[in-house]
Amino acid sequence: QVQLAESGGGSVQAGGSLRLSCSTVGYTPSKTYRQFCMGWFRQAPGREREGVASIDMNGATYAESVKGRFIISKYDNSNTVYLQMNSLKPEDTATYYCAADIYRRLCRSLDYGMDDWGKGTLVTISS
């Protein structure tokens, strides 16, 4: 199990941008799993959690609702993942959670959760 620390949430108007970041705390991956799966999920009040984006050694995957607006990135051999959110909409309002599968080099579908989770950071978009 690994601890994840998120930052970067906040409030912006529709059309604005925010950047979230998430790092593992006190964790050094083995050589085999140096590039492990990380991702972002979100949960709005009264709604189920949904996958937003994930990234692994093969690249990035996005939910349809954020394609073309959000960019997930992670430097090689880094334990920090970023989510650049552009052209934000009120429906993007949610608590965003960083997640990681430290024993997976390839992420599963965004329909699945991951093993380890951050505490979440609130993103509020006003119209």
# chains A, B, ... in the order shown; residues from 1 in each chain; ligands from 1
$ residues_around --residues "range 18-28 of chain A" --least-positions-apart "3" --cutoff "6 Å" --atoms "only C-alpha atoms" --output "count of residues only"
13
$ residues_around --residues "Thr124 in chain A" --least-positions-apart "6" --cutoff "7 Å" --atoms "only C-alpha atoms" --output "VMD selection string"
chain A and resid 10 to 12 93 to 94
$ closest_residue --among "A:Ser109, A:Thr32, A:Ser127, A:Ser17" --to "Phe70 in chain A" --atoms "only C-alpha atoms"
A:Ser17
$ atom_distance --atom1 "CA of Thr61 in chain A" --atom2 "CA of Ala100 in chain A"
14.2 Å
$ residues_around --residues "Tyr62 in chain A" --least-positions-apart "3" --cutoff "10 Å" --atoms "only C-alpha atoms" --output "VMD selection string"
chain A and resid 39 to 40 51 to 55 65 to 72 109 to 110
$ write_last_selection --atoms "C-alpha atoms" --output "PDB file, in the first residue's frame"
ATOM      1  CA  GLY A  39      -4.824   7.994 -12.441  1.00  0.00           C
ATOM      2  CA  TRP A  40      -7.497  10.454 -11.421  1.00  0.00           C
ATOM      3  CA  GLY A  51     -12.692   7.517 -13.820  1.00  0.00           C
ATOM      4  CA  VAL A  52     -11.263  10.662 -15.381  1.00  0.00           C
ATOM      5  CA  ALA A  53      -7.858   9.693 -16.738  1.00  0.00           C
ATOM      6  CA  SER A  54      -5.086   7.182 -16.236  1.00  0.00           C
ATOM      7  CA  ILE A  55      -1.514   6.886 -17.387  1.00  0.00           C
ATOM      8  CA  SER A  65     -16.377  13.645 -20.935  1.00  0.00           C
ATOM      9  CA  VAL A  66     -12.889  15.156 -20.556  1.00  0.00           C
ATOM     10  CA  LYS A  67     -11.187  14.266 -23.829  1.00  0.00           C
ATOM     11  CA  GLY A  68      -9.645  17.286 -25.471  1.00  0.00           C
ATOM     12  CA  ARG A  69      -9.881  19.333 -22.275  1.00  0.00           C
ATOM     13  CA  PHE A  70      -7.849  17.444 -19.663  1.00  0.00           C
ATOM     14  CA  ILE A  71      -4.266  16.236 -19.918  1.00  0.00           C
ATOM     15  CA  ILE A  72      -2.703  13.685 -17.586  1.00  0.00           C
ATOM     16  CA  SER A 109     -10.098   0.268 -17.727  1.00  0.00           C
ATOM     17  CA  LEU A 110     -11.250   3.473 -16.029  1.00  0.00           C
TER      18      LEU A 110
END
$ atom_distance --atom1 "CA of Arg34 in chain A" --atom2 "CA of Thr95 in chain A"
27.9 Å
$ residues_around --residues "Pro90 in chain A" --least-positions-apart "2" --cutoff "7 Å" --atoms "only C-alpha atoms" --output "list in words"
Ala14, Leu88, Asp92, Thr93, Ile125, Ser126 and Ser127 of chain A
$ write_last_selection --atoms "N, CA and C atoms" --output "compact mmCIF listing (two decimals), in the first residue's frame"
# COMPACT_ATOMS: atom_id res chain seq x y z
N ALA A 14 -16.25 28.95 -15.05
CA ALA A 14 -16.33 28.13 -16.26
C ALA A 14 -15.41 28.70 -17.34
N LEU A 88 -12.83 24.32 -18.26
CA LEU A 88 -13.62 23.68 -17.21
C LEU A 88 -15.09 24.09 -17.30
N ASP A 92 -17.90 19.70 -14.19
CA ASP A 92 -16.63 19.13 -13.72
C ASP A 92 -16.48 19.27 -12.21
N THR A 93 -17.40 19.98 -11.58
CA THR A 93 -17.35 20.15 -10.13
C THR A 93 -17.44 18.80 -9.43
N ILE A 125 -16.45 24.56 -10.02
CA ILE A 125 -16.51 25.40 -11.22
C ILE A 125 -17.83 26.16 -11.20
N SER A 126 -17.73 27.47 -11.22
CA SER A 126 -18.93 28.29 -11.21
C SER A 126 -19.27 28.76 -12.61
N SER A 127 -20.57 28.93 -12.85
CA SER A 127 -21.02 29.34 -14.19
C SER A 127 -21.06 30.84 -14.34
